[in-house]
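S.K.: Input file: work_15.txt. Contents: compact mmCIF, C-alpha atoms and all ligand atoms.
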# COMPACT_ATOMS: atom_id res chain seq x y z
CA MET O 138 -33.31 6.17 -20.67
CA ASP O 139 -31.11 8.91 -19.26
CA ILE O 140 -27.51 8.68 -20.51
CA ARG O 141 -25.16 11.19 -18.92
CA VAL O 142 -21.57 11.90 -19.86
CA ALA O 143 -19.33 13.57 -17.28
CA GLN O 144 -18.41 17.10 -18.29
CA HIS O 145 -14.66 16.51 -18.04
CA ALA O 146 -14.29 13.16 -19.77
CA GLY O 147 -11.35 12.27 -21.98
CA PHE O 148 -7.91 13.73 -22.66
CA CYS O 149 -6.49 15.98 -19.96
CA PHE O 150 -4.42 19.03 -20.87
CA GLY O 151 -1.10 17.16 -20.68
CA VAL O 152 -2.21 14.24 -22.86
CA LYS O 153 -3.84 16.60 -25.39
CA ARG O 154 -0.60 18.58 -25.59
CA ALA O 155 1.55 15.45 -26.09
CA THR O 156 -0.80 14.08 -28.75
CA GLN O 157 -0.85 17.44 -30.54
CA THR O 158 2.96 17.47 -30.48
CA VAL O 159 2.99 14.17 -32.36
CA PHE O 160 0.36 15.30 -34.88
CA ASP O 161 2.27 18.55 -35.46
CA LEU O 162 5.43 16.56 -36.20
CA LEU O 163 3.56 14.39 -38.70
CA ALA O 164 1.97 17.47 -40.30
CA SER O 165 5.37 19.11 -40.65
CA GLY O 166 6.42 16.26 -42.90
CA GLU O 167 8.49 14.38 -40.33
CA GLU O 168 8.58 10.85 -41.68
CA LYS O 169 9.98 8.91 -38.75
CA VAL O 170 8.33 9.66 -35.43
CA PHE O 171 8.59 7.46 -32.35
CA THR O 172 7.35 7.79 -28.80
CA LEU O 173 9.29 6.48 -25.83
CA GLY O 174 6.67 4.08 -24.48
CA PRO O 175 3.05 4.25 -25.70
CA LEU O 176 2.01 7.91 -25.98
CA ILE O 177 -1.15 7.26 -24.02
CA HIS O 178 -2.53 4.35 -22.04
CA ASN O 179 -5.17 3.39 -24.54
CA ALA O 180 -4.68 0.44 -26.89
CA SER O 181 -6.96 1.61 -29.70
CA ALA O 182 -5.53 5.16 -29.69
CA VAL O 183 -2.00 3.74 -29.87
CA LYS O 184 -3.10 1.55 -32.80
CA THR O 185 -4.52 4.60 -34.59
CA LEU O 186 -1.22 6.42 -34.11
CA GLU O 187 0.69 3.42 -35.42
CA GLU O 188 -1.45 3.47 -38.55
CA LYS O 189 -0.42 7.10 -39.03
CA GLY O 190 3.24 6.09 -38.83
CA VAL O 191 4.05 6.70 -35.17
CA GLY O 192 6.23 3.91 -33.78
CA VAL O 193 6.76 3.01 -30.12
CA LEU O 194 10.22 2.47 -28.62
CA GLN O 195 10.35 0.64 -25.31
CA SER O 196 13.86 1.97 -24.71
CA LEU O 197 16.32 4.32 -26.40
CA ASP O 198 18.47 1.26 -27.18
CA GLU O 199 15.92 0.36 -29.88
CA TRP O 200 16.42 3.67 -31.72
CA THR O 201 17.93 3.67 -35.19
CA GLU O 202 16.43 6.79 -36.80
CA GLY O 203 13.85 9.57 -36.49
CA ARG O 204 12.66 11.89 -33.75
CA VAL O 205 11.65 10.53 -30.35
CA VAL O 206 8.84 12.12 -28.35
CA ILE O 207 8.88 12.01 -24.54
CA ARG O 208 5.27 11.47 -23.48
CA SER O 209 3.32 13.46 -20.89
CA HIS O 210 4.41 11.13 -18.02
CA GLY O 211 7.97 12.48 -18.23
CA VAL O 212 11.28 10.70 -17.68
CA GLY O 213 14.29 10.90 -15.40
CA PRO O 214 17.47 12.88 -16.24
CA GLU O 215 19.32 9.73 -17.31
CA VAL O 216 17.06 9.49 -20.39
CA TYR O 217 18.02 13.02 -21.56
CA GLN O 218 21.68 12.24 -20.91
CA LYS O 219 21.52 8.98 -22.84
CA ALA O 220 19.70 10.61 -25.77
CA GLU O 221 22.34 13.31 -25.93
CA ALA O 222 25.16 10.76 -25.82
CA MET O 223 23.53 8.73 -28.62
CA GLY O 224 22.68 11.80 -30.71
CA ILE O 225 18.94 11.11 -30.57
CA PRO O 226 16.73 14.13 -31.40
CA LEU O 227 14.22 14.31 -28.54
CA ILE O 228 10.96 16.24 -28.54
CA ASP O 229 9.90 16.75 -24.94
CA ALA O 230 6.11 16.56 -24.44
CA THR O 231 6.30 16.05 -20.68
CA CYS O 232 3.26 17.67 -19.05
CA PRO O 233 4.35 21.01 -17.51
CA ASP O 234 2.77 19.95 -14.20
CA VAL O 235 4.92 16.81 -14.15
CA LYS O 236 7.99 18.91 -15.00
CA ARG O 237 7.21 21.02 -11.94
CA ILE O 238 7.29 17.87 -9.77
CA HIS O 239 10.69 16.95 -11.27
CA ARG O 240 12.04 20.39 -10.36
CA THR O 241 10.69 20.17 -6.80
CA VAL O 242 12.11 16.69 -6.26
CA ALA O 243 15.52 17.67 -7.67
CA GLU O 244 15.68 20.85 -5.56
CA LYS O 245 14.60 19.26 -2.29
CA TYR O 246 16.85 16.25 -2.83
CA ALA O 247 19.77 18.62 -3.42
CA GLU O 248 18.84 20.35 -0.12
CA GLY O 249 19.22 17.04 1.69
CA TYR O 250 15.59 15.94 1.90
CA PRO O 251 14.96 12.23 1.33
CA ILE O 252 12.09 11.95 -1.18
CA ILE O 253 8.83 10.05 -0.66
CA ILE O 254 6.53 9.51 -3.66
CA LEU O 255 2.92 8.44 -3.10
CA GLY O 256 1.95 6.39 -6.12
CA LYS O 257 2.52 3.16 -7.97
CA PRO O 258 6.20 2.14 -8.20
CA ASP O 259 5.78 0.68 -11.69
CA HIS O 260 3.93 3.68 -13.17
CA PRO O 261 6.04 5.50 -15.81
CA GLU O 262 5.43 8.87 -14.18
CA VAL O 263 6.65 7.63 -10.79
CA ILE O 264 9.67 5.94 -12.39
CA GLY O 265 10.51 9.24 -14.13
CA THR O 266 10.04 11.34 -10.99
CA ASN O 267 12.21 8.95 -8.98
CA GLY O 268 15.00 9.58 -11.48
CA TRP O 269 15.23 13.21 -10.28
CA CYS O 270 16.40 12.07 -6.86
CA GLY O 271 18.83 9.46 -8.16
CA ASN O 272 16.22 6.68 -7.85
CA THR O 273 16.37 6.88 -4.06
CA ALA O 274 12.71 7.67 -3.32
CA VAL O 275 10.62 5.67 -0.90
CA ILE O 276 7.51 4.86 -2.94
CA ILE O 277 4.27 4.22 -1.07
CA SER O 278 1.15 3.11 -2.90
CA ASP O 279 -1.01 2.18 0.06
CA ALA O 280 -1.31 3.13 3.75
CA SER O 281 -0.86 -0.53 4.72
CA GLN O 282 2.79 -0.31 3.61
CA LEU O 283 3.53 2.07 6.46
CA ASP O 284 3.45 -0.73 9.06
CA GLY O 285 7.03 -1.47 9.98
CA LEU O 286 8.42 0.88 7.32
CA ALA O 287 11.55 2.71 8.47
CA LEU O 288 11.12 6.43 7.78
CA PRO O 289 13.61 9.31 8.03
CA ASP O 290 12.93 12.21 10.44
CA LYS O 291 12.99 14.66 7.54
CA ALA O 292 11.55 14.17 4.05
CA CYS O 293 9.83 15.79 1.08
CA VAL O 294 6.66 14.06 -0.07
CA VAL O 295 5.04 14.37 -3.51
CA ALA O 296 2.37 12.32 -5.29
CA GLN O 297 1.76 10.72 -8.65
CA THR O 298 -0.49 13.25 -10.41
CA THR O 299 -3.30 10.72 -10.82
CA LEU O 300 -3.33 9.41 -7.24
CA MET O 301 -6.76 9.06 -5.64
CA ARG O 302 -7.35 11.89 -3.18
CA GLN O 303 -8.48 9.41 -0.48
CA LYS O 304 -5.19 7.51 -0.80
CA TRP O 305 -3.23 10.72 -0.33
CA ASP O 306 -5.25 11.54 2.81
CA ALA O 307 -4.85 8.03 4.21
CA ILE O 308 -1.06 8.06 3.80
CA ILE O 309 -0.21 11.70 4.48
CA GLU O 310 -1.77 11.83 7.97
CA PRO O 311 0.40 9.01 9.45
CA LEU O 312 3.44 10.46 7.67
CA LYS O 313 2.83 13.80 9.39
CA GLU O 314 2.77 12.02 12.75
CA ARG O 315 5.94 10.03 12.10
CA ILE O 316 8.16 12.52 10.27
CA SER O 317 8.96 15.63 12.28
CA ASN O 318 10.27 17.69 9.34
CA LEU O 319 7.92 16.78 6.50
CA TYR O 320 7.91 19.07 3.45
CA ILE O 321 4.58 18.33 1.77
CA VAL O 322 3.93 19.18 -1.88
CA ASP O 323 0.46 18.09 -2.96
CA THR O 324 1.08 17.29 -6.62
CA ILE O 325 -2.19 15.53 -7.40
CA CYS O 326 -3.35 17.15 -10.63
CA PRO O 327 -6.49 19.31 -10.15
CA THR O 328 -7.91 17.57 -13.23
CA THR O 329 -7.66 14.23 -11.42
CA THR O 330 -9.54 15.48 -8.37
CA GLN O 331 -12.14 17.24 -10.52
CA ARG O 332 -12.80 14.06 -12.52
CA GLN O 333 -13.02 11.92 -9.40
CA CYS O 334 -15.54 14.34 -7.83
CA GLU O 335 -17.61 14.34 -11.01
CA ALA O 336 -17.46 10.54 -11.15
CA GLN O 337 -18.70 10.29 -7.58
CA ALA O 338 -21.55 12.76 -8.12
CA LEU O 339 -22.64 10.91 -11.24
CA ALA O 340 -22.25 7.41 -9.76
CA GLU O 341 -24.40 8.33 -6.75
CA ASN O 342 -27.36 9.00 -9.04
CA MET O 343 -27.01 6.38 -11.76
CA ASP O 344 -28.16 2.76 -12.05
CA ALA O 345 -24.92 1.85 -13.81
CA MET O 346 -21.64 3.50 -14.74
CA LEU O 347 -19.45 2.92 -17.75
CA VAL O 348 -15.82 3.89 -17.19
CA ILE O 349 -14.07 4.22 -20.53
CA GLY O 350 -10.31 3.85 -20.57
CA GLY O 351 -7.30 1.63 -21.03
CA LYS O 352 -6.95 -1.34 -18.68
CA ASN O 353 -3.40 -0.14 -17.94
CA SER O 354 -4.41 3.47 -17.26
CA ALA O 355 -3.89 4.48 -13.61
CA ASN O 356 -6.35 7.36 -13.65
CA THR O 357 -9.02 5.20 -15.30
CA ALA O 358 -8.51 2.61 -12.54
CA SER O 359 -8.96 5.37 -9.93
CA LEU O 360 -12.21 6.52 -11.59
CA PHE O 361 -13.41 2.92 -11.61
CA GLN O 362 -12.73 2.59 -7.87
CA VAL O 363 -14.53 5.86 -7.11
CA CYS O 364 -17.56 4.73 -9.12
CA GLN O 365 -17.60 1.32 -7.45
CA LYS O 366 -17.91 2.99 -4.05
CA HIS O 367 -21.06 4.83 -5.11
CA CYS O 368 -22.81 2.63 -7.66
CA SER O 369 -23.59 -1.09 -7.64
CA GLN O 370 -23.02 -1.68 -11.36
CA VAL O 371 -19.76 -0.35 -12.79
CA TYR O 372 -18.12 -1.55 -15.99
CA LEU O 373 -14.63 -0.75 -17.28
CA ILE O 374 -14.66 -0.66 -21.06
CA GLU O 375 -12.02 0.23 -23.64
CA GLY O 376 -14.55 1.01 -26.36
CA VAL O 377 -17.82 0.13 -28.08
CA SER O 378 -17.04 -3.57 -28.39
CA ASP O 379 -16.93 -3.91 -24.57
CA ILE O 380 -20.36 -2.33 -23.83
CA PRO O 381 -22.17 -4.82 -21.55
CA TRP O 382 -25.50 -4.72 -23.39
CA THR O 383 -27.18 -7.50 -21.43
CA ALA O 384 -26.32 -5.99 -18.04
CA LEU O 385 -27.60 -2.56 -19.11
CA LYS O 386 -30.91 -3.83 -20.43
CA ASN O 387 -33.89 -2.17 -18.70
CA LEU O 388 -31.79 0.20 -16.60
CA GLN O 389 -33.03 3.80 -16.49
CA LYS O 390 -29.94 5.90 -15.78
CA ILE O 391 -26.48 5.23 -17.14
CA GLY O 392 -23.47 7.45 -16.48
CA ILE O 393 -20.32 7.62 -18.59
CA VAL O 394 -16.91 8.79 -17.36
CA ALA O 395 -13.58 8.44 -19.13
CA GLY O 396 -9.93 8.45 -18.17
CA ALA O 397 -7.51 11.24 -19.08
CA SER O 398 -6.03 9.11 -21.86
CA THR O 399 -9.32 8.25 -23.55
CA PRO O 400 -9.73 9.99 -26.92
CA ASP O 401 -12.91 11.99 -27.49
CA TRP O 402 -13.80 9.90 -30.51
CA ILE O 403 -14.05 6.75 -28.39
CA ILE O 404 -16.34 8.51 -25.88
CA LYS O 405 -18.53 9.82 -28.71
CA GLU O 406 -18.64 6.39 -30.32
CA VAL O 407 -19.78 4.73 -27.06
CA TYR O 408 -22.36 7.43 -26.45
CA SER O 409 -23.71 7.29 -30.02
CA LYS O 410 -23.89 3.51 -30.01
CA MET O 411 -25.86 3.50 -26.77
CA SER O 412 -28.24 6.19 -27.99
CA GLU O 413 -28.68 4.29 -31.26
CA GLN O 414 -29.44 0.99 -29.50
CA GLU O 415 -31.85 2.84 -27.26
CA LYS O 416 -33.67 4.36 -30.24
CA MET O 417 -33.92 0.92 -31.79
CA GLY O 418 -35.61 -0.28 -28.59
CA GLN O 419 -32.85 -2.70 -27.75
CA LEU O 420 -32.19 -1.33 -24.28
CA ASN O 421 -35.71 -0.34 -23.25
CA GLU O 422 -38.76 1.46 -24.58
CA GLU O 423 -38.44 4.85 -22.91
CA GLU O 424 -37.52 8.11 -24.53
CA VAL O 425 -33.80 8.89 -24.63
CA LYS O 426 -32.78 11.87 -22.58
CA VAL O 427 -29.24 12.90 -23.14
CA GLN O 428 -27.60 15.66 -21.26
CA ASN O 429 -24.27 16.55 -19.81
CA ALA O 430 -24.05 15.95 -16.09
FE1 LIG M 1 -0.68 16.66 -16.71
FE2 LIG M 1 -2.63 16.44 -15.01
FE3 LIG M 1 -2.79 15.23 -17.30
S1 LIG M 1 -0.48 16.40 -14.55
S2 LIG M 1 -0.71 14.75 -17.83
S3 LIG M 1 -2.74 17.44 -16.97
S4 LIG M 1 -3.48 14.42 -15.36
Can you present the structure in this file as structure tokens?
M.R.:
Amino acid sequence: MDIRVAQHAGFCFGVKRATQTVFDLLASGEEKVFTLGPLIHNASAVKTLEEKGVGVLQSLDEWTEGRVVIRSHGVGPEVYQKAEAMGIPLIDATCPDVKRIHRTVAEKYAEGYPIIILGKPDHPEVIGTNGWCGNTAVIISDASQLDGLALPDKACVVAQTTLMRQKWDAIIEPLKERISNLYIVDTICPTTTQRQCEAQALAENMDAMLVIGGKNSANTASLFQVCQKHCSQVYLIEGVSDIPWTALKNLQKIGIVAGASTPDWIIKEVYSKMSEQEKMGQLNEEEVKVQNA
């Protein structure tokens, strides 16, 4: 069997940085550390952090003590204002690329541009970005929403960093036709596009694909959709316990990709377990060939 792991699987730069921020706080002897919302969209990673003493606040109203870390998704200005008013010590681990989107949105909004965000309205990053234009953005998650949608004749458009490139293309073209003064800032993270390209290349050549990531992770969902377009058997798994052993039996080539919030240790665990099962002859009899795609 040929098991291939995508070269860029697992934590992206922003998630790595936010996670490191939390570990540094713990290492410095900080006893009470909280994150505003789960640090990353991965249930088992959040559980591991909890075991290390990192609590999760759903809102600043729940705070009683300790430092509060803003995760990589970022937040709107009202959160900083509220924290200041309540005397809450914030540690800001917003991804620098997301911060850049906040600055763009705030500047263009101040210049009189209505803001359009391409992304999911309930995603924390989009909610945070919308805060920088006073929660006035028109949020579009799918080209089908454009039918009958009233649009201004001038606007600034940005995207959720993990938006699928095809979605951006499908929405941006009609927007260009309908909005005469459209200031376009393509804010899809290069990491997202790179991972989606790798997923496609791998999926095109594999019998089955395993997409490792949280069920509530937007970028994992995008990888899953990309894989589904190019491979007939695609499985979304959160970890080893979800590996679909029966479905994989007798397949020759299995690809593994992982969302930007999937810890390396989960990817390694899945990979090792599959190699182990293979060696024990439980998947099929052929020699295991493992290589990075
Ligand atoms: Fe930042 Fe890109 Fe990750 S914007 S949080 S490095 S997906």
S.K.: Could you give me, as a PyMOL selection string, the residues within 12 Å of Trp200 (chain O), counting all atoms listed in the file and dropping anything in the same chain fewer than 4 positions from it?
M.R.: chain O and resi 169-173+192-196+204-206+219-220+223-227
S.K.: Enumerate as a list of chain:residue names the residues within 6 Å of ligand LIG 1 (chain M), counting only C-alpha atoms and all ligand atoms.
M.R.: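 Those within range of ligand LIG 1 (chain M) are O:Cys149, O:Phe150, O:Gly151, O:Val152, O:Ser209, O:Cys232, O:Asp234, O:Val235, O:Thr298, O:Thr299, O:Cys326, O:Thr328, O:Thr329.
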S.K.: Show which residues sit within 12 Å of region 401-410 of chain O, as JSON, numbers by chain. Count only C-alpha atoms, and ignore same-chain residues fewer than 3 positions away.
M.R.: {"O": [139, 140, 141, 142, 143, 144, 145, 146, 147, 148, 149, 152, 153, 179, 180, 181, 182, 185, 347, 348, 349, 350, 351, 374, 375, 376, 377, 378, 379, 380, 381, 382, 391, 392, 393, 394, 395, 396, 397, 398, 413, 414, 415, 416, 417, 419, 420, 425, 426, 427, 428, 429]}
S.K.: Could you check the closest approach to Lys352 (chain O) for each of O:Leu373, O:Met411, O:Ile228, O:Ile316 and tell me which residue wins, using all atoms listed in the file?
M.R.: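 Comparing O:Leu373, O:Met411, O:Ile228, O:Ile316 against Lys352 (chain O), the winner is O:Leu373.
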S.K.: Quick one: distance from CA of Ala338 (chain O) to CA of Ala307 (chain O) in Å, one decimal?
M.R.: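 So the answer is 21.3 Å.
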S.K.: Calculate how many Å separate CA of Phe361 (chain O) from CA of Gln333 (chain O), rounding to one decimal.
M.R.: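 Going from CA of Phe361 (chain O) over to CA of Gln333 (chain O) covers 9.3 Å.
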S.K.: Tell me which protein, DNA and RNA residues are within 6 Å of Lys257 (chain O), counting all atoms listed in the file, leaving out same-chain ones fewer than 2 positions away, and put them as a list in words.
M.R.: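 Returned residues: Asp259, His260 and Ser278 of chain O.
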S.K.: From the options O:Leu385, O:Val322, O:Ala230, O:Val263, which residue's atoms come nearest to Met346 (chain O), counting all atoms listed in the file?
M.R.: O:Leu385
S.K.: Report, in Å with one decimal, the straight-line distance from CA of Ala247 (chain O) to CA of Cys293 (chain O).
M.R.: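 CA of Cys293 (chain O) lies at a distance of 11.3 Å from CA of Ala247 (chain O).
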S.K.: Need the neighbours of (12.7, 10.7, 8.3): which residues are at most 9 Å away, counting all atoms listed in the file, as a PyMOL selection string?
M.R.: chain O and resi 250-251+287-292+315-319
S.K.: Smallest atom-to-atom distance to Gly268 (chain O): which of O:Ser165, O:Gln282, O:Thr357, O:Gln218, using all atoms listed in the file?
M.R.: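 Looking only at the distances to Gly268 (chain O), the closest residue turns out to be O:Gln218.
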S.K.: Return the single residue from O:Pro258, O:Met138, O:Ser354, O:Ala274 that is closest to Leu388 (chain O), with distances computed using all atoms listed in the file.
M.R.: O:Met138
